[in-house]
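Novice: Sharing a structure below in structure tokens format, with a few things to ask.
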Amino acid sequence: MSCAWSAKIDQYLDSELADAEWTEVHAHLHACESCIAQMLERLQLKQAVKDAGPRYLANPEFRLKVERSVETGVKGRIFRAPLVAGIAAAAALLVFIGFSLHSAKTKAGDFAELADLHASALASANPVDVVSDDRHTVKPWFESKVPFAFNLPELRDSAFVLIGGRSVYFGQSPCAQLLFGSSKHRVSVFIFQNRGTQDTRSVPGNSIATFGSETWDHGGLRYVVVGDMGLPDLHRLMELFRAAANS
Amino acid sequence: MFAALYNFAHWLTQSREEAEDLVQETYLKAFKGFSSFQPGTNFRAWIYRILRNTFLTSRAGLHARMTEPLDEESGWILSETPESRLAARLDRRLIQNALERLPVRYREVILLRDLEEMNYQDIANTLDVPIGTVMARLSRGRTAMREQLRAKTGGGRG
């Protein structure tokens with residue numbers, strides 16, 4: 001049987017609901033088996049499209065050809081006014097192309113860096129610097145360590161336990177790493193200031209892609225969940241953070 | 001973004017040669033029309049919009065428009081099956097095949113949202129359609145994909 005709320009699931013997963021409506025749908029999902037099943041199916045499809053979408057690569061010769069064609073465009077315009085505007089436009093586009101190429105090269109690197117931070121924590125005898133399952137102890141510890149504030153979720157009725165946290169650097173900027181346990185699994189939540197240039201998606205085929213990840217942005221911060229659990233479980237932890245951030 | 005633009009162009013045209021022509025023309029148009037870009041607005045949505053409009057007037061775009069039903073409501077409203085779930089982890093190739101088989105207007109919104117992670121408003125600006133149309137196309141496109149995948153993976157209904 002279909003539920004009237006199911007029409008909101010796509011917007012819920014796409015983060016396109018206003019806070020009040022998001023809270024309503026979120027509460028409904030906890031009570032409706034039909035909708036939670038649909039939500040999981042749709043989430044799985046979204047993730048699968050994200051993984052399968054990067055399919056076609058431009059060859060390097062073609063990239064050079066485009067760069068040259070833009071340069072030629074500059075020369076063609078030099079003798080036509082306005083010269084300054086033409087050069088400025090060309091410079092902006094060349095910077096844009098250069099930035100694009102750089103972004104493509106670093107795409108895999110950003111997620112790999114977070115996965116490495118998670119793996120290094122797991123491999124360490126002292127994976128966290130503040131050891132506590134009390135969010136009211138862990139949260140204040142970060143106050144002098146990172147230049148931003150965040151809320152930690154209440155985990156009493158969840159499958160997750162807070163292990164602690166540590167301050168790390170991601171992309172040469174301060175980043176909070178929270179470590180959680182769930183049965184034998186360990187999951188890290190990374191929180192850092194969103195500069196709009198980080199691509200924290202996991203990359204299929206990468207050796208570190210055995211870790212799943214979930215990402216969302218709120219209040220100028222980016223949250224990335226990394227762990228060896230299934231995506232629905234990672235999503236559950238992400239939703240707890242989301243609820244805490246909206247509270 | 002060059003790589004993402006090329007990937008999107010190839011998804012639209014389904015041809016390497018036509019994707020290259022499309023990307024090159026997009027950059028040239030972006031250069032020539034750079035003065036029309038409003039600083040402070042979304043540069044990515046602006047350049048995707050140029051690419052998409054260029055595609056619509058290209059041979060591949062005209063072919064896509066000629067061979068797809070013009071009526072938004074026809075053919076692609078598929079029954080919803082709330083209880084069903086995909087039985088197994090979705091295969092990358094299956095997903096790509098399902099995307100390929102979608103009409104372009106559904107394929108493009110799904111790629112802009114789930115791959116490029118544009119919000120609905122930016123997609124609406126890119127495609128020059130109302131935000132309600134973005135939501136409707138996303139819903140229908142995703143439903144069509146799920147139906148295709150269920151048929152391929154033998155996932156049952158209910």
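Residues are named by chain letter and number: chains run A, B, ... in the order of the structure tokens, numbers start at 1 in each chain, and ligands are numbered from 1 in the order shown.
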Which residues come within 10 Å of Pro127 (chain A), counting only C-alpha atoms, excluding same-chain residues fewer than 6 positions away, as a ChimeraX atom specification?

Specialist: /A:118-121,163-166,179

Novice: Rounded to one decimal in Å, what is the spacing between CA of Arg242 (chain A) and CA of Thr143 (chain B)?

Specialist: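 Spanning CA of Arg242 (chain A) to CA of Thr143 (chain B) is a straight-line distance of 26.7 Å.
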
Novice: Set the distance at 12 Å and use only C-alpha atoms: which residues neighbour Leu240 (chain A) once local chain neighbours fewer than 6 positions away are removed? I'd like the list as a ChimeraX atom specification.

Specialist: /A:23,26-27,151-160,189,223,225,233-234,246-247

Novice: Could you tell me which of A:Gly219, A:Leu13, A:Val161, A:Phe150 comes closest to Ile191 (chain A) if we count only C-alpha atoms?

Specialist: A:Phe150

Novice: Residues near Lys46 (chain A), anyone? I mean within 9 Å using only C-alpha atoms, not counting same-chain ones fewer than 6 positions away, as a list in words.

Specialist: Leu13 of chain A; Ile110, Asp114, Leu115 and Arg142 of chain B

Novice: Between A:Leu122, A:Val66, A:Ala149, A:Ala18, which has the minimum distance to Phe31 (chain B) (counting only C-alpha atoms)?

Specialist: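 Closest to Phe31 (chain B), using only C-alpha atoms: A:Val66.
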